[in-house]
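Engineer: The following file, upload10.cif, comprises mmCIF, C-alpha atoms and all ligand atoms:
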data_final
#
loop_
_atom_site.group_PDB
_atom_site.id
_atom_site.type_symbol
_atom_site.label_atom_id
_atom_site.label_comp_id
_atom_site.auth_asym_id
_atom_site.auth_seq_id
_atom_site.Cartn_x
_atom_site.Cartn_y
_atom_site.Cartn_z
ATOM 1 C CA MET A 1 14.153 8.564 12.114
ATOM 2 C CA ARG A 2 12.525 8.254 8.706
ATOM 3 C CA LEU A 3 15.034 5.562 7.682
ATOM 4 C CA PHE A 4 14.311 3.667 10.892
ATOM 5 C CA ILE A 5 10.551 3.746 10.181
ATOM 6 C CA ASN A 6 11.140 2.516 6.609
ATOM 7 C CA ILE A 7 13.244 -0.412 7.825
ATOM 8 C CA LEU A 8 10.742 -1.239 10.560
ATOM 9 C CA PHE A 9 7.891 -1.004 8.079
ATOM 10 C CA SER A 10 9.641 -3.364 5.618
ATOM 11 C CA ILE A 11 10.221 -5.944 8.350
ATOM 12 C CA ILE A 12 6.613 -5.745 9.549
ATOM 13 C CA LEU A 13 5.382 -5.985 5.952
ATOM 14 C CA VAL A 14 7.327 -9.213 5.349
ATOM 15 C CA LEU A 15 5.890 -10.616 8.573
ATOM 16 C CA ILE A 16 2.355 -9.578 7.648
ATOM 17 C CA ARG A 17 2.673 -11.199 4.210
ATOM 18 C CA PHE A 18 4.077 -14.356 5.787
ATOM 19 C CA LEU A 19 1.170 -14.518 8.257
ATOM 20 C CA ARG A 20 -1.288 -13.564 5.469
ATOM 21 C CA LEU A 21 -2.699 -10.710 7.557
ATOM 22 C CA PRO A 22 -4.385 -7.668 5.917
ATOM 23 C CA GLN A 23 -1.791 -5.123 4.800
ATOM 24 C CA ASP A 24 -4.037 -2.076 5.003
ATOM 25 C CA ARG A 25 -3.709 -1.679 8.780
ATOM 26 C CA ILE A 26 0.072 -1.555 8.662
ATOM 27 C CA CYS A 27 -0.069 0.883 5.722
ATOM 28 C CA GLN A 28 -2.383 3.090 7.803
ATOM 29 C CA TRP A 29 0.139 3.006 10.640
ATOM 30 C CA PHE A 30 2.946 3.939 8.254
ATOM 31 C CA ILE A 31 0.964 6.839 6.732
ATOM 32 C CA GLN A 32 -0.017 8.151 10.160
ATOM 33 C CA THR A 33 3.559 7.957 11.469
ATOM 34 C CA ASN A 34 4.878 9.610 8.321
ATOM 35 C CA ASN A 35 2.293 12.406 8.626
ATOM 36 C CA GLN A 36 3.276 13.122 12.222
ATOM 37 C CA LEU A 37 6.937 13.319 11.262
ATOM 38 C CA VAL A 38 6.293 15.549 8.253
ATOM 39 C CA LEU A 39 3.967 17.876 10.178
ATOM 40 C CA ALA A 40 6.469 18.207 13.007
ATOM 41 C CA ASN A 41 9.161 19.251 10.534
ATOM 42 C CA ILE A 42 7.209 21.672 8.364
ATOM 43 C CA LEU A 43 9.325 24.690 7.615
ATOM 44 C CA PRO A 44 7.823 27.871 9.104
ATOM 45 C CA ASN A 45 8.318 29.766 5.842
ATOM 46 C CA LEU A 46 6.303 27.252 3.839
ATOM 47 C CA LYS A 47 3.546 29.088 1.984
ATOM 48 C CA SER A 48 0.384 27.667 0.460
ATOM 49 C CA GLU A 49 1.818 28.415 -3.021
ATOM 50 C CA HIS A 50 4.494 25.806 -2.254
ATOM 51 C CA LEU A 51 1.918 23.093 -1.670
ATOM 52 C CA LEU A 52 0.801 20.541 -4.189
ATOM 53 C CA LEU A 53 -2.519 18.827 -3.686
ATOM 54 C CA LEU A 54 -2.236 15.568 -5.594
ATOM 55 C CA ILE A 55 -5.423 13.603 -6.044
ATOM 56 C CA PRO A 56 -6.332 10.331 -7.754
ATOM 57 C CA HIS A 57 -8.572 10.109 -10.780
ATOM 58 C CA CYS A 58 -11.011 7.793 -8.951
ATOM 59 C CA LEU A 59 -12.352 10.784 -6.978
ATOM 60 C CA GLN A 60 -14.072 11.929 -10.156
ATOM 61 C CA ASN A 61 -17.630 10.794 -10.765
ATOM 62 C CA TYR A 62 -17.298 7.649 -12.879
ATOM 63 C CA ASP A 63 -19.907 8.859 -15.390
ATOM 64 C CA CYS A 64 -18.500 12.358 -15.804
ATOM 65 C CA GLU A 65 -17.728 13.107 -19.449
ATOM 66 C CA PHE A 66 -15.139 15.792 -18.776
ATOM 67 C CA LYS A 67 -11.509 14.735 -18.815
ATOM 68 C CA ILE A 68 -9.754 16.275 -15.833
ATOM 69 C CA THR A 69 -6.534 14.248 -15.790
ATOM 70 C CA ALA A 70 -4.569 16.666 -17.929
ATOM 71 C CA ARG A 71 -6.528 19.777 -16.945
ATOM 72 C CA VAL A 72 -8.499 19.831 -13.725
ATOM 73 C CA GLU A 73 -10.013 23.107 -14.972
ATOM 74 C CA ASN A 74 -12.086 21.030 -17.414
ATOM 75 C CA CYS A 75 -14.374 20.195 -14.483
ATOM 76 C CA ARG A 76 -17.703 22.008 -14.844
ATOM 77 C CA ARG A 77 -18.167 22.096 -11.080
ATOM 78 C CA CYS A 78 -21.568 20.440 -11.171
ATOM 79 C CA GLY A 79 -21.029 19.106 -7.631
ATOM 80 C CA LYS A 80 -21.693 15.453 -8.447
ATOM 81 C CA CYS A 81 -18.290 14.592 -7.020
ATOM 82 C CA ILE A 82 -15.704 16.013 -4.623
ATOM 83 C CA ILE A 83 -13.598 17.475 -7.457
ATOM 84 C CA LYS A 84 -15.654 20.677 -7.376
ATOM 85 C CA ASP A 85 -14.938 21.194 -3.656
ATOM 86 C CA LEU A 86 -11.258 20.461 -4.136
ATOM 87 C CA ILE A 87 -10.982 23.033 -6.933
ATOM 88 C CA ASP A 88 -12.804 25.602 -4.782
ATOM 89 C CA LEU A 89 -10.440 24.867 -1.896
ATOM 90 C CA SER A 90 -7.299 25.048 -4.027
ATOM 91 C CA GLU A 91 -8.373 28.394 -5.482
ATOM 92 C CA GLU A 92 -9.295 29.815 -2.099
ATOM 93 C CA HIS A 93 -5.899 28.885 -0.629
ATOM 94 C CA HIS A 94 -3.805 29.353 -3.804
ATOM 95 C CA VAL A 95 -2.687 25.726 -3.744
ATOM 96 C CA ARG A 96 -1.750 23.834 -6.891
ATOM 97 C CA LEU A 97 -4.106 20.969 -7.617
ATOM 98 C CA SER A 98 -3.223 18.067 -9.905
ATOM 99 C CA VAL A 99 -4.884 14.818 -10.802
ATOM 100 C CA ALA A 100 -2.536 11.865 -11.189
ATOM 101 C CA PRO A 101 -3.958 8.625 -12.565
ATOM 102 C CA GLY A 102 -0.845 6.691 -11.572
ATOM 103 C CA GLY A 103 2.597 6.742 -10.005
ATOM 104 C CA THR A 104 4.505 7.629 -13.186
ATOM 105 C CA LEU A 105 2.477 10.751 -13.877
ATOM 106 C CA ALA A 106 2.535 11.697 -10.186
ATOM 107 C CA ARG A 107 6.342 11.578 -10.246
ATOM 108 C CA ALA A 108 6.417 13.721 -13.409
ATOM 109 C CA ILE A 109 4.101 16.323 -11.833
ATOM 110 C CA ILE A 110 6.236 16.448 -8.674
ATOM 111 C CA LYS A 111 9.444 16.750 -10.690
ATOM 112 C CA LYS A 112 7.966 19.652 -12.629
ATOM 113 C CA CYS A 113 6.421 21.492 -9.651
ATOM 114 C CA GLN A 114 9.184 20.863 -7.083
ATOM 115 C CA PRO A 115 6.686 21.407 -4.248
ATOM 116 C CA GLY A 116 7.687 22.216 -0.684
ATOM 117 C CA LEU A 117 5.024 19.841 0.570
ATOM 118 C CA ILE A 118 2.669 17.400 -1.104
ATOM 119 C CA ILE A 119 -0.776 16.630 0.245
ATOM 120 C CA ALA A 120 -1.596 13.356 -1.447
ATOM 121 C CA VAL A 121 -4.928 11.570 -1.458
ATOM 122 C CA GLY A 122 -5.206 7.861 -2.133
ATOM 123 C CA CYS A 123 -5.862 4.405 -0.777
ATOM 124 C CA GLU A 124 -3.595 2.731 1.782
ATOM 125 C CA ARG A 125 -1.205 0.959 -0.577
ATOM 126 C CA GLU A 126 -1.098 3.750 -3.118
ATOM 127 C CA LEU A 127 -0.111 6.260 -0.443
ATOM 128 C CA GLU A 128 2.417 3.979 1.211
ATOM 129 C CA ALA A 129 4.115 3.330 -2.133
ATOM 130 C CA GLY A 130 3.892 6.981 -3.191
ATOM 131 C CA ILE A 131 5.343 8.359 0.042
ATOM 132 C CA ASN A 132 8.364 6.075 -0.304
ATOM 133 C CA ASP A 133 8.643 6.634 -4.024
ATOM 134 C CA VAL A 134 8.958 10.415 -3.956
ATOM 135 C CA TYR A 135 11.151 10.625 -0.849
ATOM 136 C CA PRO A 136 12.794 13.086 0.099
ATOM 137 C CA PHE A 137 9.803 15.225 -0.959
ATOM 138 C CA PRO A 138 7.640 15.512 2.167
ATOM 139 C CA VAL A 139 4.170 14.017 1.748
ATOM 140 C CA ILE A 140 1.120 14.199 3.975
ATOM 141 C CA GLY A 141 -1.086 11.250 3.076
ATOM 142 C CA ILE A 142 -4.852 11.495 3.330
ATOM 143 C CA LEU A 143 -6.854 8.328 2.855
ATOM 144 C CA ASN A 144 -9.745 8.334 0.465
ATOM 145 C CA GLN A 145 -13.088 6.744 1.267
ATOM 146 C CA LYS A 146 -14.435 3.926 -0.872
ATOM 147 C CA PRO A 147 -18.240 3.728 -0.532
ATOM 148 C CA GLU A 148 -18.467 1.750 -3.810
ATOM 149 C CA GLY A 149 -15.280 -0.243 -3.373
ATOM 150 C CA PRO A 150 -11.780 0.613 -4.626
ATOM 151 C CA CYS A 151 -10.956 2.757 -7.665
ATOM 152 C CA LYS A 152 -14.481 3.951 -8.508
ATOM 153 C CA ASN A 153 -16.431 6.966 -7.234
ATOM 154 C CA THR A 154 -14.181 7.373 -4.213
ATOM 155 C CA THR A 155 -14.381 10.454 -2.024
ATOM 156 C CA LEU A 156 -12.598 11.987 0.955
ATOM 157 C CA ASP A 157 -13.077 13.958 4.127
ATOM 158 C CA ILE A 158 -12.158 17.392 2.794
ATOM 159 C CA GLY A 159 -11.926 18.581 6.405
ATOM 160 C CA ARG A 160 -8.649 16.636 6.685
ATOM 161 C CA VAL A 161 -7.153 18.653 3.810
ATOM 162 C CA LYS A 162 -8.345 21.891 5.414
ATOM 163 C CA GLU A 163 -6.818 20.819 8.742
ATOM 164 C CA VAL A 164 -3.398 20.342 7.150
ATOM 165 C CA MET A 165 -3.600 23.714 5.403
ATOM 166 C CA GLU A 166 -4.619 25.369 8.653
ATOM 167 C CA LEU A 167 -1.696 23.765 10.514
ATOM 168 C CA ILE A 168 0.710 25.116 7.913
ATOM 169 C CA ARG A 169 -0.857 28.571 8.107
ATOM 170 C CA MET A 170 -0.666 28.577 11.918
ATOM 171 C CA LYS A 171 2.969 27.546 11.854
ATOM 172 C CA ALA A 172 3.800 30.430 9.494
ATOM 173 C CA VAL A 173 1.852 32.923 11.666
ATOM 174 C CA ARG A 174 3.624 31.704 14.831
ATOM 175 C CA SER A 175 7.057 31.991 13.258
ATOM 176 C CA GLN A 176 6.294 35.556 12.114
ATOM 177 C CA SER A 177 5.102 36.601 15.576
ATOM 178 C CA ILE A 178 8.321 35.222 17.158
ATOM 179 C CA ARG A 179 10.510 37.275 14.813
HETATM 180 S S1 LIG B 201 -17.808 18.077 -10.220
HETATM 181 FE FE1 LIG B 201 -19.103 17.438 -11.951
HETATM 182 S S2 LIG B 201 -18.031 18.165 -13.798
HETATM 183 FE FE2 LIG B 201 -16.577 18.167 -12.093
HETATM 184 S S3 LIG B 201 -15.534 16.212 -12.237
HETATM 185 FE FE3 LIG B 201 -17.232 15.959 -10.761
HETATM 186 S S4 LIG B 201 -18.919 15.200 -12.022
HETATM 187 FE FE4 LIG B 201 -17.411 16.040 -13.445
#
Could you express the structure from this file as structure tokens?
Ligand code: SF4

Structural biologist:
Amino acid sequence: MRLFINILFSIILVLIRFLRLPQDRICQWFIQTNNQLVLANILPNLKSEHLLLLIPHCLQNYDCEFKITARVENCRRCGKCIIKDLIDLSEEHHVRLSVAPGGTLARAIIKKCQPGLIIAVGCERELEAGINDVYPFPVIGILNQKPEGPCKNTTLDIGRVKEVMELIRMKAVRSQSIR
């Protein structure tokens, strides 16, 4: 199924480039389809400790002086950007949180952590490329919001991250009650 979607996506992408249509819509479709597939196949024994929340550096306030790329704990939680909320959420749910400024570092983090599931935040093309790049690791892609344009002071609907975590928790609870 996943292979079929990849082939279909590649064909559509060639067509879109040929017709000079915006690529973001097709990337959104790909991310959404991928998410549905991944969510439907989440293993019931997946725990929050197996999750990796991978976020881009552009979520950080552009003027913040604290370097969080290597250590997200360097954030002083002033609340000027969404990083504070993401740290709070990761601590509350015991989920690993990492900031990846690019694909190479993201791959290195994933290789080191070997997560059961990645919740990745990014823009359309970044997520599309990342999901394909780290396959077969399952990735749920959550689009960031760009009130000031791409790559600077981006943010996200943190409710989407909570929704995914809740779905995983519910699946684990259901599987335990069946046993
Ligand atoms: S919450 Fe404050 S300290 Fe933390 S990254 Fe954002 S601006 Fe910097």

Engineer: Within 12 Å of Val72 of chain A, counting only C-alpha atoms, which residues show up once you throw out same-chain ones fewer than 4 positions away? Write them as number ranges by chain, please.

Structural biologist: A: 53-57, 59-60, 66-68, 76-77, 83-84, 86-88, 90-91, 96-100

Engineer: Write the residues of the selection above to a file with C-alpha atoms, as a PDB file, in the coordinates of the input.

Structural biologist:
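Result file selection.pdb:
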ATOM      1  CA  LEU A  53      -2.519  18.827  -3.686  1.00  0.00           C
ATOM      2  CA  LEU A  54      -2.236  15.568  -5.594  1.00  0.00           C
ATOM      3  CA  ILE A  55      -5.423  13.603  -6.044  1.00  0.00           C
ATOM      4  CA  PRO A  56      -6.332  10.331  -7.754  1.00  0.00           C
ATOM      5  CA  HIS A  57      -8.572  10.109 -10.780  1.00  0.00           C
ATOM      6  CA  LEU A  59     -12.352  10.784  -6.978  1.00  0.00           C
ATOM      7  CA  GLN A  60     -14.072  11.929 -10.156  1.00  0.00           C
ATOM      8  CA  PHE A  66     -15.139  15.792 -18.776  1.00  0.00           C
ATOM      9  CA  LYS A  67     -11.509  14.735 -18.815  1.00  0.00           C
ATOM     10  CA  ILE A  68      -9.754  16.275 -15.833  1.00  0.00           C
ATOM     11  CA  ARG A  76     -17.703  22.008 -14.844  1.00  0.00           C
ATOM     12  CA  ARG A  77     -18.167  22.096 -11.080  1.00  0.00           C
ATOM     13  CA  ILE A  83     -13.598  17.475  -7.457  1.00  0.00           C
ATOM     14  CA  LYS A  84     -15.654  20.677  -7.376  1.00  0.00           C
ATOM     15  CA  LEU A  86     -11.258  20.461  -4.136  1.00  0.00           C
ATOM     16  CA  ILE A  87     -10.982  23.033  -6.933  1.00  0.00           C
ATOM     17  CA  ASP A  88     -12.804  25.602  -4.782  1.00  0.00           C
ATOM     18  CA  SER A  90      -7.299  25.048  -4.027  1.00  0.00           C
ATOM     19  CA  GLU A  91      -8.373  28.394  -5.482  1.00  0.00           C
ATOM     20  CA  ARG A  96      -1.750  23.834  -6.891  1.00  0.00           C
ATOM     21  CA  LEU A  97      -4.106  20.969  -7.617  1.00  0.00           C
ATOM     22  CA  SER A  98      -3.223  18.067  -9.905  1.00  0.00           C
ATOM     23  CA  VAL A  99      -4.884  14.818 -10.802  1.00  0.00           C
ATOM     24  CA  ALA A 100      -2.536  11.865 -11.189  1.00  0.00           C
TER      25      ALA A 100
END

Engineer: Counting all atoms listed in the file, figure out which residue out of A:Thr104, A:Asn45, A:Asn144, A:Asn61 gets nearest to ligand LIG 201 (chain B).

Structural biologist: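 Counting all atoms listed in the file, the residue closest to ligand LIG 201 (chain B) is A:Asn61.
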
Engineer: My list of candidates is A:Ala40, A:Ile31, A:Cys81, A:Leu8. Which is closest to ligand LIG 201 (chain B) when distances are computed with all atoms listed in the file?

Structural biologist: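 Looking only at the distances to ligand LIG 201 (chain B), the closest residue turns out to be A:Cys81.
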
Engineer: What's around Met170 of chain A at 12 Å? Count all atoms listed in the file, leave out sequence neighbours fewer than 3 positions away in its own chain, and write the answer as a PyMOL selection string.

Structural biologist: chain A and resi 39+42-48+163-167+173-177

Engineer: Hey, which of A:Val121, A:Thr154, A:Ile110, A:Gly103 ends up closest to ligand LIG 201 (chain B)? Count all atoms listed in the file.

Structural biologist: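 Once distances to ligand LIG 201 (chain B) are computed over all atoms listed in the file, the minimum belongs to A:Thr154.
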
Engineer: Evaluating the PyMOL selection byres (((chain A and resi 126-137) around 9) and not hetatm) on the displayed file yields which residues, as a list in words?

Structural biologist: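 In the shown coordinates, the PyMOL selection byres (((chain A and resi 126-137) around 9) and not hetatm) covers Asn6, Cys27, Gln28, Phe30, Ile31, Asn34, Gly102, Gly103, Ala106, Arg107, Ile110, Gln114, Pro115, Gly116, Leu117, Ile118, Ala120, Val121, Gly122, Cys123, Glu124, Arg125, Pro138, Val139, Ile140, Gly141, Ile142 and Leu143 of chain A.
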
Engineer: As lines of an AutoDock Vina configuration file, please: the centre and edge lengths in Å, to one decimal, of an axis-aligned box enclosing every listed atom of ligand LIG 201 (chain B) with 3 Å added on each side.

Structural biologist:
center_x = -17.3
center_y = 16.7
center_z = -12.0
size_x = 9.6
size_y = 9.0
size_z = 9.6

Engineer: With the file shown as input, list the residues that the PyMOL selection byres (((chain A and resi 156) around 7) and not hetatm) selects, as a list in words.

Structural biologist: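 For this structure, the PyMOL selection byres (((chain A and resi 156) around 7) and not hetatm) resolves to Asn144, Gln145, Thr155, Asp157 and Ile158 of chain A.
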
Engineer: Between A:Leu19, A:Ile26, A:Ile119, A:Cys75, which is the closest to ligand LIG 201 (chain B) once you count all atoms listed in the file?

Structural biologist: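 Ranking A:Leu19, A:Ile26, A:Ile119, A:Cys75 by distance to ligand LIG 201 (chain B), first place goes to A:Cys75.
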
Engineer: I'd like to know which of A:Arg169, A:Pro147, A:Phe9, A:Glu73 is closest to ligand LIG 201 (chain B), using only C-alpha atoms and all ligand atoms.

Structural biologist: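 Looking only at the distances to ligand LIG 201 (chain B), the closest residue turns out to be A:Glu73.
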
Engineer: In Å to one decimal, how far is atom CA of Glu148 of chain A from atom CA of Arg20 of chain A?

Structural biologist: 24.8 Å

Engineer: Between A:Lys80, A:Leu15, A:Lys146, A:Cys58, which residue has the minimum interatomic distance to Pro101 of chain A, considering all atoms listed in the file?

Structural biologist: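 Of all the options, A:Cys58 lies closest to Pro101 of chain A.
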
Engineer: What's the separation between atom CA of Thr33 of chain A and atom CA of Ile11 of chain A, in Å to one decimal place?

Structural biologist: 15.7 Å

Engineer: By how many Å are atom S2 of ligand LIG 201 (chain B) and atom CA of Lys112 of chain A apart?

Structural biologist: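 These two atoms are separated by 26.1 Å.
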